[in-house]
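> My structure file query.csv, CSV, C-alpha atoms and all ligand atoms, is below:
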```csv
chain,number,residue,atom,x,y,z
A,22,MET,CA,-71.2,17.0,-36.2
A,23,ARG,CA,-70.5,15.4,-39.5
A,24,PHE,CA,-67.5,15.6,-41.8
A,25,GLU,CA,-69.2,18.5,-43.7
A,26,ALA,CA,-69.5,20.5,-40.4
A,27,PHE,CA,-65.7,20.3,-39.9
A,28,ILE,CA,-64.4,23.8,-40.3
A,29,GLY,CA,-61.2,24.3,-42.3
A,30,ASN,CA,-58.8,21.9,-43.9
A,31,ARG,CA,-61.3,20.7,-46.5
A,32,LYS,CA,-58.6,19.0,-48.6
A,33,VAL,CA,-57.7,16.7,-45.7
A,34,ILE,CA,-61.4,15.9,-45.1
A,35,SER,CA,-62.1,15.1,-48.8
A,36,ARG,CA,-59.0,12.9,-49.0
A,37,LEU,CA,-60.0,11.0,-45.9
A,38,GLN,CA,-63.6,10.5,-47.1
A,39,ARG,CA,-62.3,9.3,-50.4
A,40,LYS,CA,-60.1,6.7,-48.6
A,41,LEU,CA,-63.0,5.6,-46.5
A,42,LEU,CA,-65.1,5.0,-49.6
A,43,GLU,CA,-62.3,3.1,-51.3
A,44,ASN,CA,-62.6,0.4,-48.6
A,45,ARG,CA,-58.9,0.2,-48.4
A,46,PHE,CA,-58.3,2.6,-45.6
A,47,PRO,CA,-54.6,3.0,-44.6
A,48,HIS,CA,-53.7,1.3,-41.4
A,49,GLY,CA,-51.4,4.0,-40.3
A,50,LEU,CA,-52.2,7.7,-40.6
A,51,ILE,CA,-50.3,10.7,-39.3
A,52,PHE,CA,-52.2,14.0,-38.7
A,53,THR,CA,-49.7,16.8,-38.6
A,54,GLY,CA,-50.0,20.6,-38.3
A,55,PRO,CA,-50.3,23.4,-35.8
A,56,GLU,CA,-52.0,23.1,-32.4
A,57,GLY,CA,-55.7,23.8,-32.2
A,58,VAL,CA,-56.8,23.2,-35.8
A,59,GLY,CA,-58.9,20.1,-35.2
A,60,LYS,CA,-56.5,17.2,-35.7
A,61,HIS,CA,-57.8,15.3,-32.7
A,62,THR,CA,-61.4,16.1,-33.5
A,63,CYS,CA,-60.8,14.8,-37.0
A,64,ALA,CA,-59.2,11.6,-35.7
A,65,VAL,CA,-62.3,10.9,-33.6
A,66,MET,CA,-64.5,11.5,-36.6
A,67,VAL,CA,-62.5,8.9,-38.6
A,68,ALA,CA,-62.9,6.5,-35.7
A,69,LYS,CA,-66.7,7.1,-35.8
A,70,ALA,CA,-66.8,6.6,-39.6
A,71,LEU,CA,-65.0,3.3,-39.3
A,72,ASN,CA,-67.5,2.1,-36.7
A,73,CYS,CA,-70.8,3.9,-37.4
A,74,THR,CA,-73.8,1.5,-37.6
A,75,GLN,CA,-76.2,3.9,-39.4
A,76,ALA,CA,-74.5,6.2,-41.9
A,77,PRO,CA,-73.4,5.2,-45.4
A,78,PRO,CA,-69.7,4.5,-46.0
A,79,GLY,CA,-67.5,7.5,-45.7
A,80,GLU,CA,-69.8,9.1,-43.2
A,81,PHE,CA,-70.9,8.8,-39.6
A,82,CYS,CA,-74.2,9.7,-38.0
A,83,ASP,CA,-73.1,10.9,-34.6
A,84,VAL,CA,-76.3,9.5,-33.0
A,85,CYS,CA,-75.9,5.7,-33.0
A,86,THR,CA,-74.6,4.0,-29.9
A,87,SER,CA,-71.2,3.4,-31.5
A,88,CYS,CA,-70.8,7.1,-32.4
A,89,ARG,CA,-71.9,8.3,-29.0
A,90,LYS,CA,-69.6,5.9,-27.2
A,91,ILE,CA,-66.7,7.1,-29.3
A,92,GLU,CA,-67.6,10.7,-28.6
A,93,SER,CA,-67.6,10.0,-24.8
A,94,GLY,CA,-64.4,8.0,-25.0
A,95,THR,CA,-66.1,4.8,-23.8
A,96,HIS,CA,-66.0,2.6,-26.9
A,97,PRO,CA,-64.0,-0.5,-26.1
A,98,ASP,CA,-62.4,-0.6,-29.7
A,99,VAL,CA,-61.3,3.0,-29.9
A,100,MET,CA,-58.4,3.8,-27.7
A,101,THR,CA,-56.5,7.1,-27.2
A,102,ILE,CA,-53.2,7.2,-25.6
A,103,SER,CA,-51.6,10.4,-24.5
A,104,VAL,CA,-49.2,11.7,-21.9
A,105,GLU,CA,-50.5,10.7,-18.4
A,106,GLU,CA,-50.8,13.5,-15.9
A,107,ASP,CA,-47.7,12.7,-13.9
A,108,ALA,CA,-45.5,12.1,-16.9
A,109,THR,CA,-43.7,14.0,-19.6
A,110,GLN,CA,-43.7,11.2,-22.2
A,111,ILE,CA,-46.0,8.4,-23.3
A,112,LYS,CA,-44.8,5.3,-21.4
A,113,ILE,CA,-43.9,1.9,-22.9
A,114,ALA,CA,-46.5,0.3,-20.6
A,115,GLN,CA,-49.3,2.3,-22.4
A,116,VAL,CA,-48.0,1.1,-25.8
A,117,ARG,CA,-47.9,-2.5,-24.5
A,118,GLN,CA,-51.5,-2.2,-23.4
A,119,LEU,CA,-52.4,-1.0,-26.9
A,120,LEU,CA,-50.6,-3.9,-28.5
A,121,THR,CA,-52.5,-6.4,-26.3
A,122,LEU,CA,-55.7,-4.9,-27.6
A,123,LEU,CA,-54.4,-5.1,-31.1
A,124,GLU,CA,-54.3,-8.9,-30.9
A,125,LEU,CA,-57.9,-9.2,-30.0
A,126,GLN,CA,-61.0,-9.1,-32.3
A,127,PRO,CA,-63.0,-5.9,-32.0
A,128,LEU,CA,-65.3,-6.2,-29.0
A,129,GLU,CA,-68.3,-4.2,-30.2
A,130,GLY,CA,-67.4,-2.4,-33.5
A,131,ARG,CA,-66.1,-3.3,-36.9
A,132,ASN,CA,-62.7,-1.8,-36.5
A,133,LYS,CA,-60.2,-0.9,-33.8
A,134,VAL,CA,-58.8,2.6,-33.8
A,135,PHE,CA,-55.8,3.7,-31.9
A,136,ILE,CA,-55.2,7.4,-31.6
A,137,VAL,CA,-51.8,8.5,-30.3
A,138,ASP,CA,-51.8,12.1,-29.3
A,139,PRO,CA,-49.2,13.6,-29.3
A,140,ALA,CA,-47.2,10.9,-31.1
A,141,ASP,CA,-43.9,12.9,-30.7
A,142,SER,CA,-44.2,12.2,-26.9
A,143,LEU,CA,-43.4,8.6,-27.5
A,144,ASN,CA,-39.9,7.9,-26.2
A,145,ALA,CA,-37.7,5.8,-28.5
A,146,GLU,CA,-38.5,2.6,-26.7
A,147,ALA,CA,-42.3,3.2,-26.9
A,148,ALA,CA,-42.0,4.3,-30.5
A,149,ASN,CA,-40.2,1.1,-31.4
A,150,ALA,CA,-42.8,-1.0,-29.6
A,151,LEU,CA,-45.6,0.8,-31.5
A,152,LEU,CA,-43.7,0.2,-34.8
A,153,LYS,CA,-44.3,-3.6,-34.3
A,154,GLY,CA,-48.0,-2.9,-34.3
A,155,LEU,CA,-47.7,-0.7,-37.4
A,156,GLU,CA,-45.6,-3.2,-39.3
A,157,GLU,CA,-48.2,-6.0,-39.3
A,158,PRO,CA,-51.5,-4.5,-38.3
A,159,PRO,CA,-54.5,-6.9,-38.3
A,160,GLU,CA,-57.0,-6.2,-41.1
A,161,ASN,CA,-59.4,-4.3,-38.8
A,162,SER,CA,-57.0,-2.1,-37.0
A,163,PHE,CA,-56.0,1.5,-37.6
A,164,PHE,CA,-53.5,3.9,-36.1
A,165,ILE,CA,-53.8,7.7,-36.1
A,166,LEU,CA,-50.7,9.4,-34.9
A,167,ILE,CA,-51.1,13.1,-34.1
A,168,THR,CA,-48.2,15.5,-34.0
A,169,VAL,CA,-47.3,19.2,-34.5
A,170,ASN,CA,-44.1,18.3,-36.2
A,171,VAL,CA,-43.9,15.1,-38.3
A,172,HIS,CA,-40.2,15.2,-38.4
A,173,GLU,CA,-40.1,14.5,-34.7
A,174,LEU,CA,-41.4,11.0,-35.4
A,175,LEU,CA,-39.1,8.1,-36.2
A,176,LEU,CA,-38.5,7.7,-39.9
A,177,THR,CA,-39.4,4.0,-39.6
A,178,VAL,CA,-42.8,5.1,-38.1
A,179,ARG,CA,-43.3,7.7,-40.7
A,180,SER,CA,-42.6,5.3,-43.6
A,181,ARG,CA,-45.5,3.1,-42.4
A,182,CYS,CA,-48.1,5.9,-42.4
A,183,GLN,CA,-49.9,8.2,-44.8
A,184,VAL,CA,-49.3,11.8,-43.8
A,185,TYR,CA,-52.2,14.3,-43.7
A,186,ASN,CA,-51.0,18.0,-43.4
A,187,PHE,CA,-53.4,20.3,-41.5
A,188,ILE,CA,-52.9,24.0,-42.1
A,189,PRO,CA,-53.9,27.0,-40.0
A,190,LEU,CA,-57.5,28.2,-40.3
A,191,THR,CA,-58.3,31.4,-42.1
A,192,LEU,CA,-59.8,34.4,-40.2
A,193,ASP,CA,-63.2,33.5,-41.6
A,194,GLU,CA,-62.9,29.9,-40.5
A,195,ILE,CA,-62.1,31.1,-37.0
A,196,ARG,CA,-65.2,33.4,-37.1
A,197,ARG,CA,-67.3,30.4,-38.2
A,198,HIS,CA,-66.2,28.7,-35.0
A,199,GLY,CA,-68.2,31.4,-33.2
A,200,VAL,CA,-65.4,33.7,-32.2
A,201,THR,CA,-66.6,37.3,-32.5
A,202,ASP,CA,-63.8,39.4,-30.9
A,203,GLU,CA,-61.8,40.7,-33.9
A,204,LEU,CA,-58.5,41.0,-31.8
A,205,THR,CA,-58.9,37.4,-30.7
A,206,ILE,CA,-59.6,36.2,-34.2
A,207,ARG,CA,-56.4,38.0,-35.5
A,208,TRP,CA,-54.2,36.8,-32.6
A,209,SER,CA,-55.3,33.2,-33.0
A,210,GLN,CA,-52.8,32.5,-35.8
A,211,GLY,CA,-55.3,30.3,-37.4
A,212,SER,CA,-55.7,28.1,-34.3
A,213,ILE,CA,-59.2,27.8,-32.7
A,214,GLY,CA,-57.5,26.3,-29.7
A,215,ARG,CA,-55.4,29.3,-29.3
A,216,ALA,CA,-58.3,31.7,-29.9
A,217,ARG,CA,-60.3,29.9,-27.1
A,218,ALA,CA,-57.4,30.0,-24.7
A,219,LEU,CA,-56.5,33.6,-25.3
A,220,ASP,CA,-56.6,35.9,-22.3
A,221,VAL,CA,-57.3,39.3,-23.9
A,222,THR,CA,-56.9,41.4,-20.8
A,223,ARG,CA,-53.5,39.9,-20.1
A,224,LEU,CA,-52.5,40.2,-23.7
A,225,LYS,CA,-53.4,43.9,-23.8
A,226,ALA,CA,-51.3,44.5,-20.6
A,227,GLU,CA,-48.2,42.9,-22.1
A,228,ARG,CA,-48.8,44.5,-25.4
A,229,GLU,CA,-48.8,47.9,-23.8
A,230,ILE,CA,-45.4,47.3,-22.2
A,231,MET,CA,-44.0,46.0,-25.5
A,232,LEU,CA,-45.5,48.9,-27.5
A,233,ASP,CA,-43.9,51.3,-25.0
A,234,PHE,CA,-40.6,49.5,-25.6
A,235,LEU,CA,-41.0,49.7,-29.3
A,236,GLU,CA,-42.0,53.4,-29.4
A,237,THR,CA,-39.1,54.4,-27.2
A,238,VAL,CA,-36.7,52.3,-29.3
A,239,VAL,CA,-37.9,53.8,-32.5
A,240,ASN,CA,-38.1,57.4,-31.3
A,241,ALA,CA,-35.1,57.8,-28.9
A,242,LYS,CA,-32.5,60.5,-29.9
A,243,GLU,CA,-28.9,60.4,-28.7
A,244,GLU,CA,-29.6,62.4,-25.5
A,245,GLN,CA,-32.4,59.9,-24.6
A,246,PHE,CA,-30.4,56.7,-24.6
A,247,GLN,CA,-31.0,56.3,-20.8
A,248,ASP,CA,-34.7,55.8,-21.8
A,249,LEU,CA,-33.7,53.0,-24.1
A,250,LEU,CA,-32.0,51.2,-21.1
A,251,ALA,CA,-35.1,51.9,-18.9
A,252,VAL,CA,-37.5,50.2,-21.3
A,253,SER,CA,-35.2,47.3,-21.9
A,254,ALA,CA,-34.8,46.9,-18.1
A,255,GLU,CA,-38.6,46.7,-17.9
A,256,PHE,CA,-38.6,44.1,-20.7
A,257,GLY,CA,-35.7,42.1,-19.3
A,258,LYS,CA,-37.0,41.8,-15.8
A,259,ALA,CA,-40.0,39.7,-16.9
A,260,LYS,CA,-39.5,36.1,-15.8
A,261,GLN,CA,-42.1,33.6,-17.0
A,262,ASP,CA,-43.7,36.4,-19.2
A,263,PHE,CA,-40.5,37.0,-21.1
A,264,GLU,CA,-41.2,34.4,-23.8
A,265,SER,CA,-44.8,35.7,-24.4
A,266,ARG,CA,-43.5,39.3,-24.5
A,267,VAL,CA,-41.0,38.3,-27.2
A,268,GLU,CA,-43.9,36.9,-29.1
A,269,VAL,CA,-46.0,40.0,-28.6
A,270,LEU,CA,-43.2,42.2,-29.8
A,271,ALA,CA,-42.7,40.0,-32.9
A,272,VAL,CA,-46.3,40.5,-33.8
A,273,LEU,CA,-46.1,44.3,-33.2
A,274,ILE,CA,-43.1,44.5,-35.5
A,275,ALA,CA,-44.8,42.5,-38.1
A,276,ASP,CA,-47.7,44.9,-37.9
A,277,LEU,CA,-45.4,47.9,-38.5
A,278,LEU,CA,-44.0,46.1,-41.5
A,279,TYR,CA,-47.5,45.6,-42.9
A,280,PHE,CA,-47.9,49.3,-42.8
A,281,SER,CA,-44.6,49.9,-44.5
A,282,GLU,CA,-45.3,47.4,-47.3
A,283,GLY,CA,-48.8,48.9,-47.9
A,284,THR,CA,-50.9,45.9,-46.6
A,285,PRO,CA,-52.5,47.4,-43.4
A,286,GLN,CA,-55.4,45.0,-43.8
A,287,LYS,CA,-53.1,42.3,-42.5
A,288,VAL,CA,-52.5,44.1,-39.2
A,289,VAL,CA,-53.2,41.9,-36.2
A,290,ASN,CA,-53.6,44.6,-33.6
A,291,VAL,CA,-56.6,46.3,-35.3
A,292,ASP,CA,-57.5,48.2,-32.2
A,293,LEU,CA,-54.2,50.0,-32.3
A,294,HIS,CA,-54.4,51.0,-35.9
A,295,GLU,CA,-53.7,54.7,-35.6
A,296,ARG,CA,-50.9,54.4,-33.0
A,297,LEU,CA,-49.1,51.7,-35.1
A,298,GLN,CA,-49.5,53.6,-38.3
A,299,LYS,CA,-48.0,56.7,-36.7
A,300,LEU,CA,-45.1,54.6,-35.4
A,301,ALA,CA,-44.6,52.9,-38.7
A,302,GLY,CA,-44.2,56.3,-40.3
A,303,ARG,CA,-41.2,57.0,-38.1
A,304,ALA,CA,-39.6,53.6,-38.1
A,305,PHE,CA,-36.8,52.5,-40.4
A,306,VAL,CA,-37.7,49.2,-42.2
A,307,ASP,CA,-34.2,48.1,-42.0
A,308,ARG,CA,-34.1,48.4,-38.2
A,309,LEU,CA,-37.5,46.6,-37.9
A,310,LEU,CA,-36.1,43.7,-40.0
A,311,ARG,CA,-33.0,43.5,-37.9
A,312,MET,CA,-35.1,43.4,-34.7
A,313,ALA,CA,-37.4,40.7,-36.1
A,314,GLU,CA,-34.3,38.7,-37.0
A,315,PHE,CA,-32.8,39.2,-33.5
A,316,LEU,CA,-36.2,38.2,-31.9
A,317,ARG,CA,-35.9,34.8,-33.7
A,318,PHE,CA,-32.4,34.4,-32.2
A,319,ILE,CA,-33.8,35.3,-28.8
A,320,GLU,CA,-36.6,32.7,-29.2
A,321,SER,CA,-34.0,30.0,-30.1
A,322,SER,CA,-31.7,31.0,-27.2
A,323,LEU,CA,-34.5,30.9,-24.6
A,324,LYS,CA,-34.1,27.1,-24.5
A,325,THR,CA,-30.7,27.5,-22.9
A,326,HIS,CA,-30.0,29.7,-19.9
A,327,ALA,CA,-29.7,32.9,-21.8
A,328,ASN,CA,-29.1,36.3,-20.1
A,329,ARG,CA,-32.5,37.9,-20.8
A,330,GLN,CA,-31.5,41.3,-19.7
A,331,MET,CA,-28.5,41.4,-22.1
A,332,LEU,CA,-30.7,40.1,-25.0
A,333,ALA,CA,-33.3,42.9,-24.3
A,334,ASP,CA,-30.5,45.5,-24.2
A,335,VAL,CA,-29.1,44.4,-27.5
A,336,LEU,CA,-32.5,44.3,-29.0
A,337,ALA,CA,-33.1,48.0,-27.9
A,338,LEU,CA,-29.8,49.1,-29.4
A,339,ILE,CA,-30.4,47.2,-32.7
A,340,GLY,CA,-33.8,48.8,-33.1
A,341,ASN,CA,-32.6,52.4,-32.7
A,342,GLU,CA,-31.2,54.1,-35.8
A,343,LYS,CA,-28.6,56.1,-33.9
A,344,ALA,CA,-27.5,53.5,-31.4
A,345,ALA,CA,-27.3,50.7,-34.0
A,346,ALA,CA,-24.4,52.7,-35.6
A,347,TRP,CA,-22.3,51.8,-32.6
A,348,LEU,CA,-22.9,48.1,-32.9
A,349,PRO,CA,-20.2,46.0,-34.6
A,401,ZN,ZN,-73.1,6.5,-36.0
```
Could I get this file's structure written as structure tokens?
Ligand SMILES: [Zn+2]


Amino acid sequence: MRFEAFIGNRKVISRLQRKLLENRFPHGLIFTGPEGVGKHTCAVMVAKALNCTQAPPGEFCDVCTSCRKIESGTHPDVMTISVEEDATQIKIAQVRQLLTLLELQPLEGRNKVFIVDPADSLNAEAANALLKGLEEPPENSFFILITVNVHELLLTVRSRCQVYNFIPLTLDEIRRHGVTDELTIRWSQGSIGRARALDVTRLKAEREIMLDFLETVVNAKEEQFQDLLAVSAEFGKAKQDFESRVEVLAVLIADLLYFSEGTPQKVVNVDLHERLQKLAGRAFVDRLLRMAEFLRFIESSLKTHANRQMLADVLALIGNEKAAAWLP
């Protein structure tokens, strides 16, 4: 794989290639953006380009010994640090080991490359230690810090680095990765990592429960309010699935809103087109928007010990045109 074969984020790739050609490559880089869009792959490509023995500047060949060692993680001058299996954060000892290597001349290649992924897993002590390396890096040393959210990094670390923003892939770019199932492509949210990890069978099962919830909430008349409580009880009793059900419901509601605003081509759940279109015809946009808003509140309150059943009940009431009239 060469730079030209990298799918998506072409602006980032061109900017990196320009920097590589300028021969004044920045010593600190931050690759930020959603999970699963190729940040790590790109960091490895940069490490190859900085050490390739065959390709012209700004490129790499992927076949020389150096490229192959970097690909397999065995090049002595390219080091990746990440969270170890038994840990929740990157340890200070890992950063110290990196700093020791920083002092040495490259063993085999032209340049040393240190990839920290995810860099937001550095605790304050480790981040401050890393900062020492970033402040006065030797001429032939480069750092690539990878994070989903650049704002989680220390300002002092950020100020030493050039930031490269990765964006979600388009539907076509996901297809070019070889994903063929249309539902998976649309559920990927522009992340190839997410597309590859998606369990469609499980997704469909959860989606059925949440669509049942949504249909009941939209359709229930006053004499059917016990049905509202029945579907919210089903929703609320989910334990580890609760969070993913909230997400599934958010996507279903977004789909209904696409129908309402006349952009059905954006619908994610393409296999449910008719059922969703019918439901959208009966739903009140105002109620859907209030539900979407409340779902965001639920997502933020899941970090604390929220009462899930109560949240599900309130959501059901908010979504129903008649019941909502009772709410304050
Ligand atoms: Zn090479």

> Using all atoms listed in the file, find the one residue out of A:Ala218, A:Cys182, A:Val288, A:Val269 that sits nearest to Glu156 in chain A.

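Using all atoms listed in the file, Glu156 in chain A sits closest to A:Cys182.
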
> May I have the residues within 10 Å of Gly29 in chain A as a list of chain:residue names, using all atoms listed in the file and disregarding those fewer than 3 positions away in the same chain?

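That gives A:Glu25, A:Ala26, A:Lys32, A:Val33, A:Ile34, A:Val58, A:Gly59, A:Phe187, A:Ile188, A:Pro189, A:Leu190, A:Thr191, A:Asp193, A:Glu194, A:Ile195, A:Arg197, A:His198, A:Gly211.
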
> Which residues come within 12 Å of Leu152 in chain A, counting only C-alpha atoms, excluding same-chain residues fewer than 2 positions away, as a list of chain:residue names?

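Once the adjacent positions are removed, what remains is A:Gly49, A:Val116, A:Arg117, A:Leu119, A:Leu120, A:Ala140, A:Leu143, A:Ala145, A:Glu146, A:Ala147, A:Ala148, A:Asn149, A:Ala150, A:Gly154, A:Leu155, A:Glu156, A:Glu157, A:Pro158, A:Phe164, A:Leu166, A:Leu174, A:Leu175, A:Leu176, A:Thr177, A:Val178, A:Arg179, A:Ser180, A:Arg181, A:Cys182.
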
> Hey, can I get the axis-aligned box for range 314-321 of chain A? All listed atoms, 4 Å padding on each side, centre and edge lengths in Å to one decimal, as lines of an AutoDock Vina configuration file.


```
center_x = -34.5
center_y = 34.6
center_z = -32.9
size_x = 12.2
size_y = 17.2
size_z = 16.2
```

> Please identify all protein, DNA and RNA residues within 9 Å of ligand ZN 401 (chain A), counting all atoms listed in the file, and report them as a list in words.

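Those residues are Lys69, Ala70, Asn72, Cys73, Thr74, Gln75, Ala76, Glu80, Phe81, Cys82, Asp83, Val84, Cys85, Thr86, Ser87, Cys88 and Arg89 of chain A.
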
> Would you compute the distance between CA of Ser281 in chain A and CA of Gln330 in chain A? Give it in Å to one decimal.

29.3 Å

> So how far away is CA of Pro97 in chain A from CA of Glu129 in chain A, in Å?

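According to the coordinates, CA of Glu129 in chain A and CA of Pro97 in chain A are separated by 7.0 Å.
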
> Of the residues A:Met231, A:Leu250, A:Val171, A:Val184, which is the one nearest to Leu273 in chain A, using all atoms listed in the file?

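Looking at the shortest contact to Leu273 in chain A, the residue is A:Met231.
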
> Report the closest atom pair, with its distance in Å rounded to one decimal, for each residue of range 310-347 of chain A that has an atom no farther than 10 Å from range 232-238 of chain A; count all atoms listed in the file, sort by chain and then rising residue number, and write it as CSV.


```
residue,atom,partner,partner_atom,distance
A:Ala333,CA,A:Phe234,CA,9.9
A:Leu336,CA,A:Val238,CA,9.0
A:Ala337,CA,A:Val238,CA,5.8
A:Leu338,CA,A:Val238,CA,7.6
A:Ile339,CA,A:Val238,CA,8.8
A:Gly340,CA,A:Val238,CA,5.9
A:Asn341,CA,A:Val238,CA,5.3
A:Glu342,CA,A:Val238,CA,8.7
A:Ala344,CA,A:Val238,CA,9.5
```

> Which is closest to Asp292 in chain A among A:Asp202, A:Val252, A:Arg45, A:Leu278, if we use all atoms listed in the file?

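Checking each candidate against Asp292 in chain A, we get A:Asp202 as the closest.
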
> One decimal, Å: what's the distance from CA of Lys287 in chain A over to CA of Arg207 in chain A, could you say?

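Here the two named atoms are 8.9 Å from each other.
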
> So which residues touch Val104 in chain A within 12 Å, counting all atoms listed in the file, skipping near sequence neighbours fewer than 2 positions away, as a PDB file with C-alpha atoms, keeping the file's coordinate frame?


```pdb
ATOM      1  CA  THR A 101     -56.500   7.100 -27.200  1.00  0.00           C
ATOM      2  CA  ILE A 102     -53.200   7.200 -25.600  1.00  0.00           C
ATOM      3  CA  GLU A 106     -50.800  13.500 -15.900  1.00  0.00           C
ATOM      4  CA  ASP A 107     -47.700  12.700 -13.900  1.00  0.00           C
ATOM      5  CA  ALA A 108     -45.500  12.100 -16.900  1.00  0.00           C
ATOM      6  CA  THR A 109     -43.700  14.000 -19.600  1.00  0.00           C
ATOM      7  CA  GLN A 110     -43.700  11.200 -22.200  1.00  0.00           C
ATOM      8  CA  ILE A 111     -46.000   8.400 -23.300  1.00  0.00           C
ATOM      9  CA  LYS A 112     -44.800   5.300 -21.400  1.00  0.00           C
ATOM     10  CA  ILE A 113     -43.900   1.900 -22.900  1.00  0.00           C
ATOM     11  CA  ALA A 114     -46.500   0.300 -20.600  1.00  0.00           C
ATOM     12  CA  GLN A 115     -49.300   2.300 -22.400  1.00  0.00           C
ATOM     13  CA  VAL A 116     -48.000   1.100 -25.800  1.00  0.00           C
ATOM     14  CA  VAL A 137     -51.800   8.500 -30.300  1.00  0.00           C
ATOM     15  CA  ASP A 138     -51.800  12.100 -29.300  1.00  0.00           C
ATOM     16  CA  PRO A 139     -49.200  13.600 -29.300  1.00  0.00           C
ATOM     17  CA  ALA A 140     -47.200  10.900 -31.100  1.00  0.00           C
ATOM     18  CA  ASP A 141     -43.900  12.900 -30.700  1.00  0.00           C
ATOM     19  CA  SER A 142     -44.200  12.200 -26.900  1.00  0.00           C
ATOM     20  CA  LEU A 143     -43.400   8.600 -27.500  1.00  0.00           C
ATOM     21  CA  ASN A 144     -39.900   7.900 -26.200  1.00  0.00           C
TER      22      ASN A 144
END
```

> For each of A:Gly199, A:Pro47, A:Pro55, A:Gly283, take the minimum atom-to-atom distance to Val67 in chain A, counting all atoms listed in the file, then give the residue where this is smallest.

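The answer is A:Pro47, which sits nearest to Val67 in chain A.
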
> Will you give me range 236-249 of chain A, written with N, CA, C and O atoms and laid out as a short mmCIF file (atom, residue, chain, number, x, y, z; two decimals), in the first residue's frame?


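The file below, out17.cif, is the result:
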```
data_model
loop_
_atom_site.label_atom_id
_atom_site.label_comp_id
_atom_site.auth_asym_id
_atom_site.auth_seq_id
_atom_site.Cartn_x
_atom_site.Cartn_y
_atom_site.Cartn_z
N GLU A 236 -42.68 2.78 17.21
CA GLU A 236 -44.01 2.68 16.59
C GLU A 236 -45.11 2.82 17.65
O GLU A 236 -46.09 3.51 17.44
N THR A 237 -44.89 2.16 18.79
CA THR A 237 -45.88 2.26 19.87
C THR A 237 -45.97 3.69 20.39
O THR A 237 -47.05 4.23 20.58
N VAL A 238 -44.80 4.30 20.58
CA VAL A 238 -44.76 5.67 21.11
C VAL A 238 -45.48 6.63 20.15
O VAL A 238 -46.25 7.49 20.56
N VAL A 239 -45.23 6.48 18.87
CA VAL A 239 -45.83 7.40 17.90
C VAL A 239 -47.35 7.16 17.78
O VAL A 239 -48.13 8.09 17.69
N ASN A 240 -47.75 5.89 17.82
CA ASN A 240 -49.14 5.55 17.49
C ASN A 240 -50.11 5.50 18.67
O ASN A 240 -51.32 5.56 18.46
N ALA A 241 -49.61 5.35 19.90
CA ALA A 241 -50.51 5.06 21.03
C ALA A 241 -51.53 6.18 21.27
O ALA A 241 -51.20 7.35 21.36
N LYS A 242 -52.81 5.76 21.38
CA LYS A 242 -53.86 6.71 21.75
C LYS A 242 -54.02 6.65 23.26
O LYS A 242 -53.44 5.80 23.92
N GLU A 243 -54.85 7.57 23.78
CA GLU A 243 -54.97 7.67 25.23
C GLU A 243 -55.29 6.35 25.92
O GLU A 243 -54.73 6.04 26.97
N GLU A 244 -56.21 5.57 25.31
CA GLU A 244 -56.60 4.31 25.95
C GLU A 244 -55.52 3.23 25.84
O GLU A 244 -55.65 2.15 26.38
N GLN A 245 -54.42 3.56 25.14
CA GLN A 245 -53.36 2.55 24.98
C GLN A 245 -52.08 2.91 25.75
O GLN A 245 -51.01 2.44 25.44
N PHE A 246 -52.22 3.76 26.73
CA PHE A 246 -51.01 4.21 27.43
C PHE A 246 -50.29 3.10 28.16
O PHE A 246 -49.08 3.17 28.39
N GLN A 247 -51.01 2.04 28.54
CA GLN A 247 -50.32 0.90 29.17
C GLN A 247 -49.33 0.27 28.18
O GLN A 247 -48.31 -0.28 28.59
N ASP A 248 -49.62 0.39 26.87
CA ASP A 248 -48.68 -0.14 25.87
C ASP A 248 -47.38 0.66 25.89
O ASP A 248 -46.29 0.12 25.70
N LEU A 249 -47.53 1.96 26.11
CA LEU A 249 -46.34 2.82 26.20
C LEU A 249 -45.41 2.33 27.31
O LEU A 249 -44.20 2.21 27.13
#
```
